[in-house]
Amino acid sequence: MPKAEFWDGIPALAFSNEGDVEVRLVVPLLRALGYDLDDIQSKAPVVFHEGSKGRKLEADFVVHASRPHGRSTSLIVVEAKAPGKPLDAAIMQAESYAEKLRAPLILVTNGEELKLLQLQRTGENEVVYESSVIDIVGRRGELELLASKPAVRELCKTLADKKLTVCVSEVTPYEESERRRLGWATGALERKLSRKEGISVSSTSLLKDFTQGAVIVGASGYGKTTLAANLAVQSIESRWAGDHTALTFEVFLPDLDAEDADVEKFLSTRLMRHLPQFTREALLDRSRAAGLVIVGDGYERVEITRRKKLIARLRTVRRDFPLSRVFLLARSLDGDLVTMRLPVLELQDYSASDVDARMRARGIARPEHLAAGDTMSDHLRLICREPLLADLVLDHLEAYRRYPTSIRPIYDRWLENLLSQFDPADRLMYRALLTSLAVGSTGSSLSIKSAFELAGKFGDARALIRDLTDVGALSVGSSTLEVVHEALADYLRAENFIEKHGSDLRGEAKDLSLEKTSHFPALLLAATDSLSDNRDVWRSMVENDVSVAMDTLRFTHGFTDSHDDSAIILDDILHATETVISTHFPKRSSDIIEHLTGTQTLRLGIRGEYDNGRVNYSFFDTASRQRRLPVSPSGRDPGRWLYYDLSAFGLGPDCGRALGVGAVFNAIKGIIEARELFGGRVWTEDLVAGRLQYLNEAVGIHFKDVFDLPGSHRTLAPQAEAFVSRTNSFGRGQSFSMSRLLADIEYLLDLGLSRIEPWWCSPDQPDLSTEADMETFARSLDAQSARTQKAYLEVVEANFPSLTPFLDGAQQFPARRELQVTASSERREIFLTYRDHPVSDIEDAGADVSFPSEVSEWSSSEALDEHHDATQTRVAELGPGRARYKTRSGWSMFHGFIVDPWHGDGLPYETVVVRDVTKTLIADMKTLFGRSPIVR
């Protein structure tokens, strides 16, 4: 319609419904304001968050400055309503769309009224034009000054996120196609990632801050695929906005591996599907000039034996196109990824506010029967730290108006939703096919050919795979196929494992290769059909990989019996307690059990009851009793009674396993805090030295020479039955049996030692004014570092050797500490700045000490990057046994080599070696056992 004809014909326009308003008013008006049909996008999708369910949100129209259509080019959001309908709801709807799409103007009309609003960064959006439709003819000039294409483009020059003059060149069709394909991720929540030294990074700043790219690690379910898609969309839109000129490729790495060609050929093939004229040579020329942005997902789905070659191909890209950025997403860092020499980022857990934001974004209300406020239990919040599980929990809440109590129902519902459009008989067949595909893709993706062969056993392979792809149950790449999410595949594999090995679950589960970053272990427990099977599988996990077994404690097993809940929870507590003790603490089992019962115990039993969400129980010696599980109210029998209001944790009678693990943790923590640990020469020397000094200085037992071992033994022997308890008026002191101290002295005498030679300098706080002072102080710091590491490893080996692979401290040692010492002349304070370097041999452990006039800039971003890269390279050389080593650097104030009797960490008069070993061990145990919701 010619422009003049439209304006002249407005008085004669009449509308019967919303469609009339759109076709006869909105589109002609936009054309009259100077917009081409190609600028006007109808029914434009608006995504507020990933994974949304139900009706997709659409704006009636989004007007753009040009192609490509995106947030960088959006100008006006238009919402039309039927005649007679008020505009308030339309304005609210359009405002939310415009904010998401970054459109500066909003136009709403019902065919009778027309309003134009300008979006404001802060405060209320401003109505800049308001008129009846019939009167806009007389106010045409005013409307054109505000909303014509030239006017809005001029407005956009003042807006930071609108760069409409950028030439987007000839690759737009490819990028628009990619943006549509990945558009589901554009509304993803901002994620936090942690860098070395605990530095936090936002997912929205990755492109800006990491100009070479990064390796991003996160367990299954932590949103790596969503982040990869969102990052690719960010990059495409950044190019449209003129922030860079590189082409972006989101790549499923198993597809790249399957092609077995160079990366450039793989990418050019992708590009030529949209732009046949864009040859490999053209891509090479462009990449040399502008670089590439490659976002690679699914690294763990590449066969282990092929990863080295894949990474070598990606390294070649970085070498040949130095302006490129490569982002690789993986479950964990391995030696091949380290060779990329990229910063390493770890996806952080969802915070409570993240979960609340997801709940608000999805419009999910809290259960009505619960009080207002933070009604999600601590136990459920622990589960919801994992993004996938958070969404599944919210799915359950949305469907049933209550929170789930175990993990199995939320996975069952996930499957039911995917297959809901099929009739019940077909649903069983499709589920069986999904299981077959899941089992077939264990460890790596399925090739399309293999997937079709498996599907062919169920019928028409092409039709079956198409059906499952259409409902979102399968993800199909260019040459590979997978179940839509690895966690769902793990659930199907778990069900298959239980069905296949039901007669010998414990034996078969013990031989499984378990991965902590996978959902499979927890889902294997969830898939069991009986409590006895569940216990057998969990015991096998404890024996196989205790860290994986502890990780499953986030979930309860779901087996309850209202008539016998007390027996179930008590039996669970006892079973978990004995399982962990017998498997990993056999050398200390009698001490742990004595800590639990308060007395020497021949055979462990438990008594107590569960009632109305509360449990009370007590461990006891059953040597003279027949029953190990008497149900007994608290107070009826003597002993150490424990009480838990499980409802406060969001737990029920199926959480006994977590309580049992919590009991073991508390017992071993008590043993460590009491320093009642076995060790070798170094540990025993420092332990004895601290106890002898304590007796001499605090108890009043004076020795002629406190470190003379034969003399100290003669002095203490007459008091062999005594027990030393804390004597400090502030409650600080050491507690130990004299017989244990005498046994430790005898151990050192048997090693041929007659005297403990202090490794620390005296006085504790040297003035460092002379070379001699500095040399002595440096030797002491070197000895402290070496002895702490040796003592720690001695204690672990002597007390719980099977836990060595799972303790963080055992991963950190041995190491060589680079240490710079500076002093404050005014207050004589000594500061220690350090960074650690892993070494292979404990004999190389220690510290290299220097006394610079000014501390090196080790905390700068460049220095942290350099140290981290060098550390990761060294870790890769040391092998998988040190794979969990964490880069460490920082500073501390020096407070002495002997713990002060009145303040400070540790026990009075003990050496800092003993203090630091016990602190490290307690932290290790809390990390290992801390997945239990009971451990605090």
# chains A, B, ... in the order shown; residues from 1 in each chain; ligands from 1
>>> closest_atom_pairs(of="range 247-320 of chain A", to="range 429-452 of chain A", cutoff="12 Å", atoms="only C-alpha atoms", output="CSV")
residue,atom,partner,partner_atom,distance
A:Phe252,CA,A:Ser445,CA,10.3
A:Leu253,CA,A:Ser445,CA,9.9
A:Pro254,CA,A:Ser445,CA,6.6
A:Asp255,CA,A:Ser445,CA,8.8
A:Leu256,CA,A:Ser445,CA,11.7
A:Asp257,CA,A:Ser445,CA,10.4
A:Ala258,CA,A:Ser447,CA,8.0
A:Glu259,CA,A:Ser447,CA,10.8
A:Gly298,CA,A:Ser445,CA,9.1
A:Tyr299,CA,A:Ser444,CA,9.4
A:Glu300,CA,A:Ser444,CA,7.4
A:Arg301,CA,A:Ser444,CA,4.3
A:Val302,CA,A:Ser444,CA,5.4
A:Glu303,CA,A:Ser444,CA,5.5
A:Ile304,CA,A:Gly443,CA,8.5
A:Thr305,CA,A:Ser444,CA,10.8
A:Arg306,CA,A:Ser444,CA,10.6
A:Arg307,CA,A:Ser444,CA,11.2
>>> closest_residue(among="A:Ala494, A:Leu505, A:Leu323, A:Ile199", to="Pro521 in chain A", atoms="only C-alpha atoms")
A:Ala494
>>> residues_around(residues="range 178-190 of chain A", least_positions_apart="3", cutoff="9 Å", atoms="only C-alpha atoms", output="PyMOL selection string")
chain A and resi 46-52+70+100+173-175+202-204+226-234+236-237+249-250+354+357-358
>>> select_by_dssp(residues="range 502-639 of chain A", states="strand (DSSP E)", output="list in words")
Leu604, Gly605, Ile606, Arg607, Gly608, Glu609, Tyr610, Asp611, Arg614, Val615, Asn616, Tyr617, Ser618, Phe619, Phe620 and Asp621 of chain A
>>> decode(residues="range 307-398 of chain A", atoms="C-alpha atoms", output="short mmCIF file (atom, residue, chain, number, x, y, z; two decimals), in the first residue's frame")
data_model
loop_
_atom_site.label_atom_id
_atom_site.label_comp_id
_atom_site.auth_asym_id
_atom_site.auth_seq_id
_atom_site.Cartn_x
_atom_site.Cartn_y
_atom_site.Cartn_z
CA ARG A 307 41.43 -37.39 22.90
CA LYS A 308 45.13 -36.71 22.45
CA LYS A 309 44.74 -36.51 18.66
CA LEU A 310 41.64 -34.31 18.94
CA ILE A 311 43.39 -31.85 21.26
CA ALA A 312 46.42 -31.79 18.95
CA ARG A 313 44.12 -30.67 16.10
CA LEU A 314 42.70 -27.88 18.26
CA ARG A 315 46.19 -26.79 19.30
CA THR A 316 47.00 -26.47 15.61
CA VAL A 317 44.06 -24.07 15.21
CA ARG A 318 45.43 -21.87 17.99
CA ARG A 319 48.87 -21.95 16.40
CA ASP A 320 47.75 -21.22 12.84
CA PHE A 321 45.10 -18.63 13.74
CA PRO A 322 46.48 -16.77 16.77
CA LEU A 323 43.49 -14.42 17.03
CA SER A 324 41.22 -17.39 17.75
CA ARG A 325 39.45 -18.18 20.99
CA VAL A 326 38.81 -21.81 21.93
CA PHE A 327 36.42 -22.67 24.77
CA LEU A 328 36.32 -26.36 25.69
CA LEU A 329 33.78 -27.79 28.14
CA ALA A 330 34.52 -31.04 29.98
CA ARG A 331 33.60 -32.88 33.13
CA SER A 332 37.15 -32.72 34.47
CA LEU A 333 40.64 -31.64 33.52
CA ASP A 334 42.93 -34.29 32.09
CA GLY A 335 46.50 -34.27 30.84
CA ASP A 336 45.47 -33.71 27.22
CA LEU A 337 43.36 -30.64 28.04
CA VAL A 338 46.26 -29.20 30.02
CA THR A 339 48.33 -29.11 26.83
CA MET A 340 45.93 -26.52 25.39
CA ARG A 341 47.61 -24.03 27.76
CA LEU A 342 44.31 -22.27 28.41
CA PRO A 343 42.95 -20.85 31.68
CA VAL A 344 40.88 -23.40 33.61
CA LEU A 345 37.49 -22.40 35.01
CA GLU A 346 35.17 -24.51 37.14
CA LEU A 347 31.40 -24.10 37.08
CA GLN A 348 30.19 -23.26 40.56
CA ASP A 349 27.17 -24.73 42.31
CA TYR A 350 23.83 -22.99 42.09
CA SER A 351 23.40 -20.70 45.07
CA ALA A 352 20.12 -20.46 46.97
CA SER A 353 19.41 -17.20 45.13
CA ASP A 354 20.03 -18.95 41.77
CA VAL A 355 17.42 -21.59 42.60
CA ASP A 356 14.99 -18.90 43.74
CA ALA A 357 15.60 -16.99 40.50
CA ARG A 358 14.87 -20.13 38.46
CA MET A 359 11.69 -20.63 40.43
CA ARG A 360 10.56 -17.05 39.79
CA ALA A 361 11.52 -17.18 36.10
CA ARG A 362 9.41 -20.31 35.64
CA GLY A 363 6.50 -18.83 37.59
CA ILE A 364 6.52 -21.66 40.14
CA ALA A 365 5.05 -20.88 43.56
CA ARG A 366 6.15 -22.54 46.76
CA PRO A 367 3.89 -25.29 48.18
CA GLU A 368 0.80 -23.64 49.65
CA HIS A 369 0.77 -25.73 52.81
CA LEU A 370 4.19 -24.48 53.82
CA ALA A 371 4.83 -21.23 55.60
CA ALA A 372 6.04 -18.25 53.63
CA GLY A 373 9.77 -17.71 53.26
CA ASP A 374 12.59 -20.09 52.62
CA THR A 375 10.69 -23.38 52.83
CA MET A 376 13.08 -25.54 50.82
CA SER A 377 14.90 -27.82 53.25
CA ASP A 378 18.67 -27.81 53.71
CA HIS A 379 18.80 -31.31 52.27
CA LEU A 380 16.94 -30.28 49.13
CA ARG A 381 19.03 -27.13 48.75
CA LEU A 382 22.11 -29.35 48.86
CA ILE A 383 20.69 -31.35 45.95
CA CYS A 384 19.68 -28.19 44.08
CA ARG A 385 23.24 -26.90 43.98
CA GLU A 386 23.43 -28.96 40.81
CA PRO A 387 21.60 -27.06 38.03
CA LEU A 388 20.05 -30.08 36.28
CA LEU A 389 18.72 -31.49 39.54
CA ALA A 390 17.42 -28.06 40.52
CA ASP A 391 15.35 -27.97 37.34
CA LEU A 392 14.08 -31.51 37.88
CA VAL A 393 13.12 -30.65 41.46
CA LEU A 394 11.23 -27.61 40.16
CA ASP A 395 9.53 -29.80 37.53
CA HIS A 396 8.33 -32.06 40.35
CA LEU A 397 7.21 -29.07 42.42
CA GLU A 398 5.33 -27.61 39.44
#
